[in-house]
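Student: File final_11.pdb below, PDB, C-alpha atoms:
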```pdb
ATOM      1  CA  MET A  30      78.144  43.937  26.913
ATOM      2  CA  SER A  31      77.500  40.419  25.606
ATOM      3  CA  TYR A  32      75.886  37.623  27.616
ATOM      4  CA  ILE A  33      75.456  33.876  27.206
ATOM      5  CA  LEU A  34      71.910  32.857  26.300
ATOM      6  CA  VAL A  35      70.998  29.761  28.285
ATOM      7  CA  SER A  36      68.094  27.665  27.043
ATOM      8  CA  ILE A  37      66.893  24.685  29.069
ATOM      9  CA  ASP A  38      64.444  22.010  27.995
ATOM     10  CA  LYS A  39      61.234  21.603  30.044
ATOM     11  CA  LEU A  40      61.892  17.873  30.412
ATOM     12  CA  THR A  41      65.300  18.571  32.009
ATOM     13  CA  ALA A  42      63.877  21.191  34.384
ATOM     14  CA  GLY A  43      61.114  18.773  35.394
ATOM     15  CA  PHE A  44      63.518  15.840  35.839
ATOM     16  CA  VAL A  45      65.890  17.809  38.107
ATOM     17  CA  THR A  46      62.910  19.008  40.171
ATOM     18  CA  GLY A  47      61.569  15.462  40.550
ATOM     19  CA  LEU A  48      64.965  14.005  41.414
ATOM     20  CA  TRP A  49      65.597  16.707  44.026
ATOM     21  CA  ALA A  50      62.497  15.611  45.972
ATOM     22  CA  ALA A  51      64.017  12.139  46.431
ATOM     23  CA  VAL A  52      67.533  13.449  47.178
ATOM     24  CA  ALA A  53      66.099  15.880  49.746
ATOM     25  CA  GLN A  54      64.261  13.082  51.514
ATOM     26  CA  ALA A  55      66.969  10.420  51.359
ATOM     27  CA  TRP A  56      70.159  12.442  51.930
ATOM     28  CA  VAL A  57      69.154  15.780  53.459
ATOM     29  CA  GLY A  58      66.296  14.615  55.680
ATOM     30  CA  VAL A  59      63.579  16.943  54.360
ATOM     31  CA  SER A  60      60.728  14.759  55.619
ATOM     32  CA  PRO A  61      58.086  13.993  56.810
ATOM     33  CA  PRO A  62      55.887  14.263  54.784
ATOM     34  CA  SER A  63      57.146  12.182  51.900
ATOM     35  CA  ALA A  64      58.570  13.911  48.801
ATOM     36  CA  PHE A  65      58.698  17.212  50.715
ATOM     37  CA  GLY A  66      61.823  18.445  48.874
ATOM     38  CA  ILE A  67      59.652  20.799  46.859
ATOM     39  CA  CYS A  68      56.105  21.989  47.434
ATOM     40  CA  PHE A  69      54.861  25.423  46.472
ATOM     41  CA  ILE A  70      51.935  25.218  48.834
ATOM     42  CA  SER A  71      53.553  23.854  51.996
ATOM     43  CA  HIS A  72      56.926  25.608  51.703
ATOM     44  CA  PRO A  73      55.447  29.131  51.327
ATOM     45  CA  SER A  74      53.004  28.249  54.130
ATOM     46  CA  ASP A  75      55.822  27.029  56.428
ATOM     47  CA  LEU A  76      57.910  30.129  55.751
ATOM     48  CA  THR A  77      54.952  32.478  56.358
ATOM     49  CA  ASN A  78      53.828  30.677  59.522
ATOM     50  CA  TRP A  79      57.401  30.453  60.873
ATOM     51  CA  ILE A  80      57.850  34.223  60.467
ATOM     52  CA  ILE A  81      54.442  34.971  62.038
ATOM     53  CA  ASN A  82      55.179  32.559  64.918
ATOM     54  CA  HIS A  83      58.502  34.266  65.621
ATOM     55  CA  ILE A  84      57.117  37.806  65.456
ATOM     56  CA  PHE A  85      53.786  37.347  67.241
ATOM     57  CA  SER A  86      54.572  34.273  69.392
ATOM     58  CA  THR A  87      51.731  32.316  67.750
ATOM     59  CA  THR A  88      51.710  28.554  67.238
ATOM     60  CA  LEU A  89      50.650  28.253  63.586
ATOM     61  CA  TYR A  90      51.387  24.868  62.041
ATOM     62  CA  VAL A  91      54.731  24.226  60.343
ATOM     63  CA  HIS A  92      55.911  20.862  59.031
ATOM     64  CA  GLN A  93      58.583  19.016  61.009
ATOM     65  CA  PRO A  94      61.572  20.012  58.808
ATOM     66  CA  SER A  95      60.655  23.708  59.248
ATOM     67  CA  VAL A  96      60.387  23.830  63.044
ATOM     68  CA  ASP A  97      63.812  25.389  63.844
ATOM     69  CA  ILE A  98      64.811  26.855  60.479
ATOM     70  CA  PRO A  99      62.127  26.952  57.757
ATOM     71  CA  VAL A 100      62.618  25.324  54.357
ATOM     72  CA  LEU A 101      63.933  28.136  52.159
ATOM     73  CA  THR A 102      62.906  26.838  48.734
ATOM     74  CA  VAL A 103      60.769  29.921  48.069
ATOM     75  CA  LEU A 104      63.692  32.291  48.684
ATOM     76  CA  GLY A 105      65.951  30.036  46.617
ATOM     77  CA  VAL A 106      63.574  30.015  43.650
ATOM     78  CA  LEU A 107      63.244  33.804  43.797
ATOM     79  CA  VAL A 108      67.056  34.160  43.892
ATOM     80  CA  GLY A 109      67.639  31.645  41.069
ATOM     81  CA  ALA A 110      64.924  33.069  38.844
ATOM     82  CA  THR A 111      66.155  36.643  39.492
ATOM     83  CA  ILE A 112      69.701  35.616  38.477
ATOM     84  CA  ALA A 113      68.317  34.098  35.242
ATOM     85  CA  THR A 114      66.176  37.200  34.604
ATOM     86  CA  LEU A 115      69.056  39.642  35.128
ATOM     87  CA  GLN A 116      71.512  37.453  33.203
ATOM     88  CA  HIS A 117      69.209  37.465  30.176
ATOM     89  CA  ARG A 118      67.957  41.048  30.671
ATOM     90  CA  GLU A 119      64.349  39.938  30.728
ATOM     91  CA  PHE A 120      63.081  42.225  33.493
ATOM     92  CA  LYS A 121      60.172  44.336  32.271
ATOM     93  CA  PHE A 122      57.493  45.598  34.644
ATOM     94  CA  LYS A 123      53.995  45.217  33.231
ATOM     95  CA  MET A 124      50.747  45.924  35.106
ATOM     96  CA  PRO A 125      47.772  43.600  34.410
ATOM     97  CA  ARG A 126      44.427  44.924  33.197
ATOM     98  CA  HIS A 127      42.379  43.250  35.946
ATOM     99  CA  PRO A 128      44.597  43.155  39.042
ATOM    100  CA  PHE A 129      41.823  42.045  41.420
ATOM    101  CA  ASP A 130      41.254  38.855  39.368
ATOM    102  CA  HIS A 131      44.899  37.887  39.892
ATOM    103  CA  PHE A 132      44.648  38.625  43.614
ATOM    104  CA  VAL A 133      41.578  36.377  43.890
ATOM    105  CA  ASN A 134      43.227  33.596  41.871
ATOM    106  CA  GLY A 135      46.288  33.624  44.143
ATOM    107  CA  PHE A 136      44.124  33.735  47.275
ATOM    108  CA  MET A 137      41.951  30.801  46.193
ATOM    109  CA  VAL A 138      44.907  28.684  45.004
ATOM    110  CA  ALA A 139      46.516  29.041  48.455
ATOM    111  CA  VAL A 140      43.304  28.178  50.340
ATOM    112  CA  PHE A 141      42.407  25.149  48.194
ATOM    113  CA  GLY A 142      46.049  24.049  47.921
ATOM    114  CA  LEU A 143      46.418  23.973  51.712
ATOM    115  CA  MET A 144      43.165  22.027  51.917
ATOM    116  CA  LEU A 145      44.680  19.497  49.507
ATOM    117  CA  GLY A 146      48.115  19.585  51.156
ATOM    118  CA  TYR A 147      49.945  19.422  47.853
ATOM    119  CA  CYS A 148      50.861  21.730  44.980
ATOM    120  CA  SER A 149      50.794  20.487  41.388
ATOM    121  CA  VAL A 150      54.566  19.788  41.571
ATOM    122  CA  HIS A 151      54.565  17.922  44.908
ATOM    123  CA  ILE A 152      51.514  15.854  43.932
ATOM    124  CA  ILE A 153      53.372  14.394  40.920
ATOM    125  CA  MET A 154      56.207  13.271  43.235
ATOM    126  CA  ALA A 155      53.764  11.753  45.726
ATOM    127  CA  LEU A 156      51.881  10.083  42.877
ATOM    128  CA  MET A 157      55.091   8.480  41.620
ATOM    129  CA  TYR A 158      55.823   7.287  45.176
ATOM    130  CA  GLY A 159      52.456   5.538  45.115
ATOM    131  CA  SER A 160      50.510   7.779  47.517
ATOM    132  CA  PHE A 161      46.777   7.005  47.562
ATOM    133  CA  VAL A 162      45.801  10.434  48.975
ATOM    134  CA  ALA A 163      47.799  12.071  46.162
ATOM    135  CA  LEU A 164      45.987   9.883  43.630
ATOM    136  CA  VAL A 165      42.605  11.045  44.949
ATOM    137  CA  GLY A 166      43.783  14.677  45.061
ATOM    138  CA  PHE A 167      45.143  14.378  41.531
ATOM    139  CA  ALA A 168      41.744  13.117  40.353
ATOM    140  CA  GLY A 169      40.159  16.216  41.920
ATOM    141  CA  MET A 170      42.791  18.339  40.217
ATOM    142  CA  MET A 171      42.015  16.850  36.807
ATOM    143  CA  ILE A 172      38.285  17.520  37.314
ATOM    144  CA  GLY A 173      39.241  21.108  38.190
ATOM    145  CA  VAL A 174      41.299  21.472  35.010
ATOM    146  CA  VAL A 175      38.459  20.097  32.867
ATOM    147  CA  ALA A 176      35.959  22.432  34.594
ATOM    148  CA  ALA A 177      38.240  25.469  34.113
ATOM    149  CA  VAL A 178      38.893  24.650  30.450
ATOM    150  CA  SER A 179      35.150  24.111  29.851
ATOM    151  CA  TYR A 180      34.431  27.443  31.532
ATOM    152  CA  ILE A 181      37.030  29.205  29.347
ATOM    153  CA  LYS A 182      35.528  27.644  26.187
ATOM    154  CA  TRP A 183      32.017  28.632  27.313
ATOM    155  CA  SER A 184      33.151  32.208  28.070
ATOM    156  CA  VAL A 185      34.714  32.545  24.612
ATOM    157  CA  ARG A 186      31.590  31.231  22.850
ATOM    158  CA  ARG A 187      29.226  33.409  24.918
TER     159      ARG A 187
ATOM    160  CA  MET B  25      70.700  19.124  60.686
ATOM    161  CA  THR B  26      68.084  21.892  60.456
ATOM    162  CA  LEU B  27      70.729  24.317  59.163
ATOM    163  CA  ILE B  28      71.556  21.762  56.455
ATOM    164  CA  VAL B  29      67.850  21.555  55.545
ATOM    165  CA  GLY B  30      67.571  25.352  55.338
ATOM    166  CA  LEU B  31      70.736  25.804  53.288
ATOM    167  CA  SER B  32      70.136  22.860  50.957
ATOM    168  CA  THR B  33      66.563  23.936  50.183
ATOM    169  CA  LEU B  34      67.893  27.463  49.507
ATOM    170  CA  VAL B  35      70.533  26.186  47.064
ATOM    171  CA  ALA B  36      68.238  23.608  45.414
ATOM    172  CA  GLY B  37      65.520  26.252  45.152
ATOM    173  CA  ALA B  38      67.952  28.586  43.387
ATOM    174  CA  ILE B  39      68.878  25.873  40.872
ATOM    175  CA  ILE B  40      65.213  24.986  40.288
ATOM    176  CA  GLY B  41      64.270  28.676  39.998
ATOM    177  CA  TYR B  42      66.983  29.204  37.407
ATOM    178  CA  LEU B  43      65.963  26.096  35.431
ATOM    179  CA  TRP B  44      62.247  26.962  35.517
ATOM    180  CA  GLN B  45      62.901  30.557  34.455
ATOM    181  CA  ARG B  46      65.020  29.488  31.493
ATOM    182  CA  SER B  47      62.712  26.662  30.404
ATOM    183  CA  LYS B  48      59.451  28.617  31.027
ATOM    184  CA  SER B  49      58.168  25.523  32.813
ATOM    185  CA  CYS B  50      54.775  25.178  34.494
ATOM    186  CA  SER B  51      53.101  22.267  36.260
ATOM    187  CA  ILE B  52      49.481  23.189  35.456
ATOM    188  CA  SER B  53      49.622  24.673  31.920
ATOM    189  CA  GLY B  54      50.466  21.250  30.503
ATOM    190  CA  TYR B  55      47.022  19.856  31.313
ATOM    191  CA  ARG B  56      45.279  23.065  30.165
ATOM    192  CA  ASP B  57      47.125  23.225  26.828
ATOM    193  CA  LEU B  58      46.575  19.530  26.206
ATOM    194  CA  LEU B  59      42.812  19.903  26.672
ATOM    195  CA  LEU B  60      42.415  23.319  25.077
ATOM    196  CA  PHE B  61      44.864  23.226  22.151
ATOM    197  CA  LYS B  62      46.021  19.568  21.987
ATOM    198  CA  ASP B  63      49.498  21.018  22.630
ATOM    199  CA  THR B  64      51.924  18.745  24.532
ATOM    200  CA  LEU B  65      54.838  21.204  24.963
ATOM    201  CA  PHE B  66      54.155  21.995  28.640
ATOM    202  CA  MET B  67      53.453  18.319  29.378
ATOM    203  CA  ARG B  68      57.224  17.814  29.032
ATOM    204  CA  THR B  69      57.718  19.453  32.452
ATOM    205  CA  ILE B  70      55.159  17.130  34.052
ATOM    206  CA  VAL B  71      56.624  14.038  32.369
ATOM    207  CA  GLY B  72      60.122  15.160  33.438
ATOM    208  CA  MET B  73      58.991  15.583  37.054
ATOM    209  CA  ALA B  74      57.336  12.168  37.041
ATOM    210  CA  LEU B  75      60.441  10.492  35.608
ATOM    211  CA  GLY B  76      62.764  12.341  38.013
ATOM    212  CA  ALA B  77      60.641  11.476  41.035
ATOM    213  CA  LEU B  78      60.266   7.833  40.040
ATOM    214  CA  THR B  79      63.992   7.471  39.290
ATOM    215  CA  GLY B  80      64.898   9.104  42.599
ATOM    216  CA  TYR B  81      62.471   7.008  44.597
ATOM    217  CA  LEU B  82      63.523   3.714  43.035
ATOM    218  CA  LEU B  83      67.210   4.598  43.501
ATOM    219  CA  PHE B  84      67.003   5.894  47.041
ATOM    220  CA  TYR B  85      64.441   3.674  48.721
ATOM    221  CA  ARG B  86      66.894   0.820  48.382
ATOM    222  CA  PHE B  87      69.749   2.780  49.991
ATOM    223  CA  SER B  88      67.981   4.895  52.582
ATOM    224  CA  GLY B  89      65.703   4.214  55.518
ATOM    225  CA  ALA B  90      63.961   7.525  54.763
ATOM    226  CA  MET B  91      61.938   5.868  51.997
ATOM    227  CA  SER B  92      59.234   3.309  52.673
ATOM    228  CA  ASP B  93      58.842   0.281  50.444
ATOM    229  CA  PHE B  94      57.458   1.075  47.016
ATOM    230  CA  PRO B  95      54.651   1.873  46.443
ATOM    231  CA  SER B  96      54.044   3.795  49.648
ATOM    232  CA  TYR B  97      50.218   3.474  49.731
ATOM    233  CA  LEU B  98      50.545  -0.203  50.477
ATOM    234  CA  HIS B  99      52.266   0.656  53.745
ATOM    235  CA  ASN B 100      49.683   2.391  55.943
ATOM    236  CA  GLU B 101      49.811   5.875  54.469
ATOM    237  CA  PRO B 102      48.523   8.401  57.075
ATOM    238  CA  GLY B 103      45.040   9.667  56.180
ATOM    239  CA  ALA B 104      44.513   7.213  53.312
ATOM    240  CA  SER B 105      41.705   5.419  55.155
ATOM    241  CA  SER B 106      39.972   8.639  56.313
ATOM    242  CA  LEU B 107      36.979   9.604  54.167
ATOM    243  CA  ALA B 108      37.247  13.251  55.290
ATOM    244  CA  THR B 109      40.880  13.452  54.145
ATOM    245  CA  LEU B 110      39.918  12.059  50.748
ATOM    246  CA  VAL B 111      36.951  14.457  50.401
ATOM    247  CA  LEU B 112      39.210  17.407  51.296
ATOM    248  CA  ALA B 113      41.783  16.147  48.762
ATOM    249  CA  VAL B 114      39.161  16.110  45.967
ATOM    250  CA  VAL B 115      37.693  19.528  46.887
ATOM    251  CA  GLY B 116      41.160  21.030  47.399
ATOM    252  CA  GLY B 117      42.470  19.535  44.153
ATOM    253  CA  PHE B 118      39.470  20.814  42.221
ATOM    254  CA  GLY B 119      39.738  24.388  43.541
ATOM    255  CA  TYR B 120      43.519  24.480  43.223
ATOM    256  CA  ALA B 121      43.427  23.410  39.569
ATOM    257  CA  PHE B 122      40.385  25.534  38.638
ATOM    258  CA  PHE B 123      41.967  28.778  39.896
ATOM    259  CA  SER B 124      45.484  27.837  38.735
ATOM    260  CA  VAL B 125      44.223  27.413  35.159
ATOM    261  CA  HIS B 126      42.568  30.836  35.414
ATOM    262  CA  ALA B 127      45.779  32.297  36.845
ATOM    263  CA  GLU B 128      47.644  30.817  33.838
ATOM    264  CA  GLY B 129      50.222  29.032  35.953
ATOM    265  CA  CYS B 130      51.073  27.076  39.080
ATOM    266  CA  PRO B 131      52.399  28.836  42.219
ATOM    267  CA  LEU B 132      56.013  27.930  41.349
ATOM    268  CA  ARG B 133      55.565  29.463  37.890
ATOM    269  CA  GLN B 134      54.046  32.603  39.467
ATOM    270  CA  HIS B 135      57.046  33.017  41.807
ATOM    271  CA  VAL B 136      59.363  32.756  38.780
ATOM    272  CA  ASN B 137      57.228  35.155  36.702
ATOM    273  CA  ALA B 138      57.231  37.723  39.518
ATOM    274  CA  THR B 139      61.017  38.065  39.188
ATOM    275  CA  THR B 140      60.626  39.107  35.545
ATOM    276  CA  GLY B 141      58.408  42.062  36.521
ATOM    277  CA  HIS B 142      55.160  40.345  35.559
ATOM    278  CA  GLY B 143      52.646  42.508  37.444
ATOM    279  CA  ALA B 144      49.935  39.836  37.317
ATOM    280  CA  ALA B 145      52.251  37.366  39.072
ATOM    281  CA  ILE B 146      53.248  39.929  41.721
ATOM    282  CA  ILE B 147      49.591  40.653  42.520
ATOM    283  CA  TYR B 148      48.855  36.900  42.435
ATOM    284  CA  LEU B 149      51.555  36.399  45.095
ATOM    285  CA  VAL B 150      50.043  39.125  47.298
ATOM    286  CA  GLY B 151      46.734  37.236  47.060
ATOM    287  CA  PHE B 152      48.511  33.898  47.544
ATOM    288  CA  TYR B 153      50.220  34.854  50.811
ATOM    289  CA  SER B 154      47.014  36.542  52.017
ATOM    290  CA  GLY B 155      45.289  33.219  51.292
ATOM    291  CA  VAL B 156      47.916  31.323  53.312
ATOM    292  CA  ILE B 157      47.331  33.572  56.334
ATOM    293  CA  PHE B 158      43.529  33.403  55.895
ATOM    294  CA  PHE B 159      43.678  29.603  55.746
ATOM    295  CA  TRP B 160      45.642  29.215  58.984
ATOM    296  CA  PHE B 161      43.576  31.760  60.913
ATOM    297  CA  VAL B 162      40.072  30.957  59.560
ATOM    298  CA  VAL B 163      39.699  27.983  57.190
ATOM    299  CA  ILE B 164      41.689  25.543  59.349
ATOM    300  CA  ASP B 165      38.848  25.538  61.920
ATOM    301  CA  ILE B 166      36.363  24.506  59.183
ATOM    302  CA  VAL B 167      38.790  21.820  57.961
ATOM    303  CA  ASN B 168      39.117  20.454  61.508
ATOM    304  CA  VAL B 169      35.312  20.278  61.830
ATOM    305  CA  VAL B 170      35.115  18.354  58.515
ATOM    306  CA  LEU B 171      37.863  15.974  59.680
ATOM    307  CA  ARG B 172      35.836  15.191  62.833
ATOM    308  CA  LEU B 173      32.610  14.612  60.844
ATOM    309  CA  PHE B 174      33.633  11.393  59.041
TER     310      PHE B 174
END
```
Let me see the file written as structure tokens.

Tutor:
Amino acid sequence: MSYILVSIDKLTAGFVTGLWAAVAQAWVGVSPPSAFGICFISHPSDLTNWIINHIFSTTLYVHQPSVDIPVLTVLGVLVGATIATLQHREFKFKMPRHPFDHFVNGFMVAVFGLMLGYCSVHIIMALMYGSFVALVGFAGMMIGVVAAVSYIKWSVRR
Amino acid sequence: MTLIVGLSTLVAGAIIGYLWQRSKSCSISGYRDLLLFKDTLFMRTIVGMALGALTGYLLFYRFSGAMSDFPSYLHNEPGASSLATLVLAVVGGFGYAFFSVHAEGCPLRQHVNATTGHGAAIIYLVGFYSGVIFFWFVVIDIVNVVLRLF
């Protein structure tokens, strides 16, 4: 069976993502906070906390747009990416060599990301909106990138 | 209204998930590749996001009360004058980027990768959601202490 191969430019994917944040805020009402249309720190956190709150009657924090029905961006991305994967027959299960390292990386990204309050997608939107907190967080992020790259270079040379 | 928010984020998420899967986009690899290999390919996603966000903001803040005047930091941004918030932003940003570079992708990229059967991304997500729960049950108390310090 034949299938259509869809190739999308990174610039286009980024542009649509950036534009959605503004559309979500202006037309759909996904705010506060500002530029909350997409955030892969706060949206997974809201969804997780909303589920825990409803099962265990806890009062974990969720952002205002997620109080009654949580933002479902995470589910949407999983659905959209699965459609693309199946459409292009790209599913191939592969186990990593050091699974614990990946677990730790995910764990730490969530903890530090929630401390920051932004993911690396959301922070670009907030930066373009002129947020000062995002600017400071972005500076921290750039120091983190430089430190990680330096560490990788040092590890290779060692 | 909340149903609209839920449904619209589901649909928009699906479109974004599809686009990011097909374009192999990532919001952290661009900086890493630029520094490590002088490669600007992944920076296209970041530039695209910046252009999309700026276009959207400039278009919509004129037509909608949901947007404050541009740029927003000139209009009493919550937390912008709190030293503790800024310290947490720097520390959080540093840790987020440091571990994201080691994970070889941002959380959005990892969600997309998990759907392709990438075991590393699936395990990353197990750690990620464990981290979310750990933050809200343990770390949030430390954050609140820090916020009261300054």

Student: If we count all atoms listed in the file, what is near segment 144-156 of chain B at a cut-off of 9 Å, once residues fewer than 3 positions away on the same chain are taken out, given as a short mmCIF file (atom, residue, chain, number, x, y, z; two decimals) with C-alpha atoms, in the frame of the given file?

Tutor:
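To be explicit, this is the file written out as part_11.cif:
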```cif
data_model
loop_
_atom_site.label_atom_id
_atom_site.label_comp_id
_atom_site.auth_asym_id
_atom_site.auth_seq_id
_atom_site.Cartn_x
_atom_site.Cartn_y
_atom_site.Cartn_z
CA ILE A 70 51.94 25.22 48.83
CA PRO A 73 55.45 29.13 51.33
CA SER A 74 53.00 28.25 54.13
CA THR A 77 54.95 32.48 56.36
CA ASN A 78 53.83 30.68 59.52
CA LYS A 123 54.00 45.22 33.23
CA MET A 124 50.75 45.92 35.11
CA PRO A 125 47.77 43.60 34.41
CA ARG A 126 44.43 44.92 33.20
CA HIS A 127 42.38 43.25 35.95
CA PRO A 128 44.60 43.16 39.04
CA PHE A 129 41.82 42.04 41.42
CA ASP A 130 41.25 38.85 39.37
CA HIS A 131 44.90 37.89 39.89
CA PHE A 132 44.65 38.62 43.61
CA VAL A 133 41.58 36.38 43.89
CA ASN A 134 43.23 33.60 41.87
CA GLY A 135 46.29 33.62 44.14
CA PHE A 136 44.12 33.74 47.28
CA MET A 137 41.95 30.80 46.19
CA VAL A 138 44.91 28.68 45.00
CA ALA A 139 46.52 29.04 48.46
CA VAL A 140 43.30 28.18 50.34
CA LEU A 143 46.42 23.97 51.71
CA ALA B 127 45.78 32.30 36.84
CA PRO B 131 52.40 28.84 42.22
CA ARG B 133 55.56 29.46 37.89
CA GLN B 134 54.05 32.60 39.47
CA HIS B 135 57.05 33.02 41.81
CA VAL B 136 59.36 32.76 38.78
CA ASN B 137 57.23 35.16 36.70
CA ALA B 138 57.23 37.72 39.52
CA THR B 139 61.02 38.06 39.19
CA GLY B 141 58.41 42.06 36.52
CA PHE B 159 43.68 29.60 55.75
CA TRP B 160 45.64 29.22 58.98
CA PHE B 161 43.58 31.76 60.91
#
```

Student: Can you measure atom CA of Cys68 of chain A to atom CA of Leu89 of chain A for me? One decimal in Å is fine.

Tutor: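 Atom CA of Leu89 of chain A lies at a distance of 18.2 Å from atom CA of Cys68 of chain A.
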
Student: Report as JSON, numbers by chain the residues that result from applying the PyMOL selection byres ((chain A and resi 116) around 12) to the structure here.

Tutor: {"A": [30, 31, 32, 33, 34, 35, 109, 110, 111, 112, 113, 114, 115, 117, 118, 119, 120], "B": [42, 45, 46, 140]}

Student: Please determine, counting all atoms listed in the file, which residue among B:Ile166, B:Val111, B:Leu83, B:Ala121 has the shortest atom-to-atom distance to chain A.

Tutor: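 Smallest separation from chain A among the options: B:Ala121.
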
Student: Set the distance at 12 Å and use all atoms listed in the file: which residues neighbour segment 60-65 of chain B once local chain neighbours fewer than 6 positions away are removed? I'd like the list as a ChimeraX atom specification.

Tutor: /A:38-40,174-183 /B:47-54,71-72,125
